[in-house]
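upload23.json follows (JSON, C-alpha atoms):
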[["chain", "number", "residue", "atom", "x", "y", "z"],
["A", 8, "MET", "CA", -92.26, 60.01, -43.53],
["A", 9, "ASP", "CA", -90.11, 62.88, -42.27],
["A", 10, "THR", "CA", -86.54, 62.20, -41.20],
["A", 11, "ASN", "CA", -87.20, 63.34, -37.63],
["A", 12, "VAL", "CA", -89.48, 60.35, -37.00],
["A", 13, "LEU", "CA", -86.89, 57.72, -37.91],
["A", 14, "LEU", "CA", -84.09, 59.62, -36.16],
["A", 15, "SER", "CA", -86.18, 59.73, -32.98],
["A", 16, "ILE", "CA", -86.36, 55.95, -33.08],
["A", 17, "LEU", "CA", -82.73, 55.43, -34.04],
["A", 18, "TYR", "CA", -81.41, 57.85, -31.40],
["A", 19, "ASP", "CA", -84.08, 56.85, -28.86],
["A", 20, "ASP", "CA", -84.70, 60.50, -28.00],
["A", 21, "THR", "CA", -87.62, 62.03, -26.10],
["A", 22, "HIS", "CA", -89.95, 61.41, -29.07],
["A", 23, "GLY", "CA", -88.78, 57.83, -29.60],
["A", 24, "ASP", "CA", -91.85, 56.14, -28.12],
["A", 25, "ASP", "CA", -94.24, 58.43, -30.00],
["A", 26, "ALA", "CA", -92.28, 57.85, -33.21],
["A", 27, "GLU", "CA", -92.41, 54.09, -32.80],
["A", 28, "THR", "CA", -96.14, 54.20, -32.14],
["A", 29, "ALA", "CA", -96.69, 56.41, -35.21],
["A", 30, "VAL", "CA", -94.63, 54.09, -37.43],
["A", 31, "ARG", "CA", -96.52, 51.00, -36.21],
["A", 32, "ALA", "CA", -99.83, 52.76, -36.89],
["A", 33, "GLY", "CA", -98.53, 53.81, -40.31],
["A", 34, "TYR", "CA", -97.81, 50.19, -41.21],
["A", 35, "ARG", "CA", -101.39, 49.30, -40.30],
["A", 36, "ARG", "CA", -102.72, 52.06, -42.57],
["A", 37, "GLY", "CA", -100.52, 51.18, -45.56],
["A", 38, "ARG", "CA", -97.04, 51.29, -47.01],
["A", 39, "LEU", "CA", -94.30, 53.51, -45.51],
["A", 40, "VAL", "CA", -92.21, 55.45, -48.01],
["A", 41, "VAL", "CA", -89.48, 58.07, -48.00],
["A", 42, "THR", "CA", -88.09, 60.22, -50.77],
["A", 43, "GLY", "CA", -84.52, 60.36, -51.96],
["A", 44, "VAL", "CA", -83.94, 63.58, -50.03],
["A", 45, "MET", "CA", -84.83, 61.83, -46.79],
["A", 46, "TYR", "CA", -82.50, 58.99, -47.72],
["A", 47, "ALA", "CA", -79.74, 61.61, -48.03],
["A", 48, "GLU", "CA", -80.65, 63.10, -44.64],
["A", 49, "LEU", "CA", -80.44, 59.66, -43.05],
["A", 50, "ALA", "CA", -77.05, 59.07, -44.69],
["A", 51, "ALA", "CA", -75.83, 62.40, -43.28],
["A", 52, "ALA", "CA", -77.02, 61.63, -39.75],
["A", 53, "ALA", "CA", -74.02, 59.37, -38.97],
["A", 54, "VAL", "CA", -76.29, 56.60, -37.72],
["A", 55, "PHE", "CA", -75.14, 54.14, -40.36],
["A", 56, "ASP", "CA", -71.50, 53.30, -41.06],
["A", 57, "ASN", "CA", -72.08, 52.79, -44.77],
["A", 58, "ARG", "CA", -74.68, 52.73, -47.50],
["A", 59, "SER", "CA", -75.33, 49.01, -47.23],
["A", 60, "GLU", "CA", -76.28, 49.40, -43.54],
["A", 61, "LEU", "CA", -78.76, 52.14, -44.44],
["A", 62, "ASP", "CA", -80.18, 50.08, -47.31],
["A", 63, "ARG", "CA", -80.47, 47.01, -45.05],
["A", 64, "PHE", "CA", -82.26, 49.07, -42.38],
["A", 65, "LEU", "CA", -84.81, 50.35, -44.91],
["A", 66, "GLU", "CA", -85.28, 46.87, -46.36],
["A", 67, "ASP", "CA", -85.63, 45.27, -42.90],
["A", 68, "THR", "CA", -88.23, 47.86, -41.91],
["A", 69, "SER", "CA", -90.06, 47.61, -45.26],
["A", 70, "ILE", "CA", -89.64, 51.34, -45.92],
["A", 71, "ALA", "CA", -89.49, 52.03, -49.65],
["A", 72, "VAL", "CA", -87.49, 54.87, -51.22],
["A", 73, "VAL", "CA", -89.62, 56.53, -53.90],
["A", 74, "THR", "CA", -89.26, 59.41, -56.32],
["A", 75, "ALA", "CA", -91.56, 62.37, -55.85],
["A", 76, "SER", "CA", -93.73, 63.11, -58.87],
["A", 77, "PRO", "CA", -93.11, 66.24, -60.95],
["A", 78, "GLU", "CA", -96.32, 67.73, -59.51],
["A", 79, "ALA", "CA", -95.09, 67.09, -55.95],
["A", 80, "ARG", "CA", -91.70, 68.66, -56.69],
["A", 81, "TYR", "CA", -93.37, 71.73, -58.20],
["A", 82, "HIS", "CA", -95.75, 72.03, -55.24],
["A", 83, "ALA", "CA", -92.72, 71.85, -52.93],
["A", 84, "GLY", "CA", -91.04, 74.67, -54.82],
["A", 85, "GLU", "CA", -94.11, 76.87, -54.60],
["A", 86, "ALA", "CA", -94.38, 76.28, -50.85],
["A", 87, "PHE", "CA", -90.65, 76.99, -50.37],
["A", 88, "ASP", "CA", -91.02, 80.24, -52.32],
["A", 89, "THR", "CA", -93.89, 81.28, -50.04],
["A", 90, "TYR", "CA", -91.75, 80.40, -47.00],
["A", 91, "THR", "CA", -88.76, 82.45, -48.19],
["A", 92, "ASP", "CA", -91.06, 85.42, -48.86],
["A", 93, "ARG", "CA", -92.46, 85.23, -45.32],
["A", 94, "ARG", "CA", -89.37, 84.59, -43.23],
["A", 95, "PRO", "CA", -87.79, 87.61, -41.52],
["A", 96, "ASP", "CA", -84.33, 88.78, -42.50],
["A", 97, "GLY", "CA", -83.01, 89.18, -38.96],
["A", 98, "LEU", "CA", -83.53, 87.89, -35.48],
["A", 99, "GLN", "CA", -86.78, 88.48, -33.62],
["A", 100, "CYS", "CA", -87.54, 88.22, -29.91],
["A", 101, "GLN", "CA", -90.06, 85.44, -29.36],
["A", 102, "ALA", "CA", -91.55, 87.25, -26.36],
["A", 103, "CYS", "CA", -92.08, 90.82, -27.59],
["A", 104, "GLY", "CA", -91.46, 90.65, -31.34],
["A", 105, "THR", "CA", -88.68, 93.25, -31.41],
["A", 106, "GLU", "CA", -86.30, 92.68, -34.30],
["A", 107, "GLN", "CA", -82.63, 92.53, -33.35],
["A", 108, "THR", "CA", -79.39, 92.21, -35.23],
["A", 109, "ALA", "CA", -76.28, 90.24, -34.43],
["A", 110, "THR", "CA", -73.06, 90.22, -36.38],
["A", 111, "CYS", "CA", -70.60, 87.40, -36.95],
["A", 112, "GLU", "CA", -67.34, 88.23, -35.19],
["A", 113, "HIS", "CA", -65.37, 86.41, -37.90],
["A", 114, "CYS", "CA", -66.77, 87.74, -41.20],
["A", 115, "GLY", "CA", -68.95, 90.69, -40.15],
["A", 116, "ARG", "CA", -72.16, 89.40, -41.76],
["A", 117, "ASP", "CA", -75.53, 89.64, -40.04],
["A", 118, "LEU", "CA", -76.62, 86.44, -38.32],
["A", 119, "THR", "CA", -80.05, 84.93, -38.93],
["A", 120, "PRO", "CA", -81.85, 82.06, -37.19],
["A", 121, "ARG", "CA", -81.65, 78.54, -38.59],
["A", 122, "GLN", "CA", -84.03, 78.34, -41.48],
["A", 123, "HIS", "CA", -85.88, 75.49, -43.06],
["A", 124, "VAL", "CA", -84.32, 74.19, -46.25],
["A", 125, "ALA", "CA", -85.79, 73.04, -49.55],
["A", 126, "ALA", "CA", -85.50, 69.40, -48.41],
["A", 127, "ASP", "CA", -88.22, 70.01, -45.79],
["A", 128, "PHE", "CA", -90.51, 71.23, -48.53],
["A", 129, "LEU", "CA", -89.70, 68.31, -50.85],
["A", 130, "ILE", "CA", -90.77, 65.95, -48.07],
["A", 131, "GLY", "CA", -93.97, 67.95, -47.56],
["A", 132, "GLY", "CA", -94.71, 68.29, -51.27],
["A", 133, "HIS", "CA", -94.28, 64.56, -51.80],
["A", 134, "ALA", "CA", -96.56, 63.74, -48.88],
["A", 135, "ALA", "CA", -99.19, 66.28, -49.96],
["A", 136, "VAL", "CA", -99.36, 65.14, -53.58],
["A", 137, "ASP", "CA", -98.16, 61.53, -53.72],
["A", 138, "ALA", "CA", -99.06, 60.12, -50.28],
["A", 139, "ASP", "CA", -102.01, 59.96, -47.92],
["A", 140, "GLU", "CA", -100.31, 61.52, -44.88],
["A", 141, "LEU", "CA", -96.98, 62.47, -43.35],
["A", 142, "LEU", "CA", -95.39, 61.12, -40.21],
["A", 143, "SER", "CA", -93.51, 64.09, -38.71],
["A", 144, "PHE", "CA", -92.94, 66.00, -35.49],
["A", 145, "ASP", "CA", -92.72, 69.29, -37.40],
["A", 146, "HIS", "CA", -96.46, 69.97, -37.46],
["A", 147, "GLY", "CA", -96.14, 73.76, -37.61],
["A", 148, "LEU", "CA", -94.16, 73.84, -40.85],
["A", 149, "TYR", "CA", -96.29, 71.33, -42.71],
["A", 150, "GLU", "CA", -99.62, 72.69, -41.46],
["A", 151, "SER", "CA", -98.57, 76.22, -42.51],
["A", 152, "TYR", "CA", -97.36, 75.38, -46.01],
["A", 153, "PHE", "CA", -99.35, 72.21, -46.84],
["A", 154, "PRO", "CA", -102.67, 72.87, -45.08],
["A", 155, "ASP", "CA", -104.51, 69.94, -46.71],
["A", 156, "LEU", "CA", -101.85, 67.45, -45.60],
["A", 157, "ARG", "CA", -102.67, 65.14, -42.66],
["A", 158, "VAL", "CA", -99.66, 65.13, -40.31],
["A", 159, "ARG", "CA", -99.28, 62.45, -37.64],
["A", 160, "PRO", "CA", -98.62, 61.77, -34.78]]

Could you take the file, read its structure, and then write that structure out as structure tokens?
Amino acid sequence: MDTNVLLSILYDDTHGDDAETAVRAGYRRGRLVVTGVMYAELAAAAVFDNRSELDRFLEDTSIAVVTASPEARYHAGEAFDTYTDRRPDGLQCQACGTEQTATCEHCGRDLTPRQHVAADFLIGGHAAVDADELLSFDHGLYESYFPDLRVRP
């Protein structure tokens, strides 16, 4: 499971109903698991006041925290390497494709768009190698870098 699914439920955002439906369907298909990196993302989300609340939430929802296999971790690294090779260095207009530059007023460095981080790829690598599917709202990323992975909803 990707962090965005649980956060949609916990924050009751616009995807909350879809997330809840996907989680219920996931329970019917089997066991729900998350990796340690997702545990860390949940801890960082400021939803839980302390570790015991987070642990109790996962226990109450029967979501297990598992360790990704070495093969899954390696697969994640390969996919992240491909991603970093593909991503543009600067900013690009979504409408016409023209590359632009913007500079930080404070330090003078070129600004770039928010990028995916290795944690996203660890979640995808684990799901692709160690699990049957991934619950996530980030279909584009996972379909691009883990094409054999079934992503729901």

Separating CA of Tyr18 (chain A) from CA of Ala79 (chain A), to the nearest tenth of an Å, is a gap of 29.6 Å

Exercise for review: Write out as a PyMOL selection string the residues lying within 6 Å of region 133-145 of chain A, counting all atoms listed in the file and excluding same-chain residues fewer than 5 positions away.
Suggested key: chain A and resi 8-9+12+75+79+156-159

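One finds CA of Arg36 (chain A) at 18.1 Å from CA of Leu65 (chain A).
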
Asp19 (chain A) proximity check over A:Val54, A:Glu112, A:Cys103, A:Gly33, using all atoms listed in the file: winner is A:Val54

As a check of understanding: the span from CA of Ala86 (chain A) to CA of Phe128 (chain A) is 6.8 Å

Region 25-27 of chain A environment, 7 Å, only C-alpha atoms, sequence neighbours closer than 2 positions dropped, as a list of chain:residue names: A:Val12, A:Ser15, A:Ile16, A:His22, A:Gly23, A:Ala29, A:Val30, A:Arg31

With distances taken over only C-alpha atoms, the candidate from A:Ala126, A:Ser151, A:Asn11, A:Thr21 nearest Thr89 (chain A) is A:Ser151

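Residue nearest Tyr152 (chain A) within the list A:Cys100, A:Gln107, A:Ser59, A:Thr91: A:Thr91 [criterion: smallest interatomic distance, only C-alpha atoms].
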
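Checking A:Glu106, A:Asp127, A:Asp67, A:Asp56 one by one against Ala83 (chain A), counting all atoms listed in the file, you find the shortest gap at A:Asp127.
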
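Each of A:Asp20, A:Tyr34, A:Leu118, A:Tyr90 was checked against Phe153 (chain A) using all atoms listed in the file; the smallest atom-to-atom distance is that of A:Tyr90.
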
Using only C-alpha atoms, which residues sit within 9 Å of Thr74 (chain A) once same-chain residues fewer than 3 positions away are excluded, as an MDAnalysis selection string?
chainID A and resid 41:43 133

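Between Met45 (chain A) and the residues A:Tyr149, A:Thr108, A:Val72, A:Phe64, the shortest atom-to-atom distance, using all atoms listed in the file, involves A:Val72.
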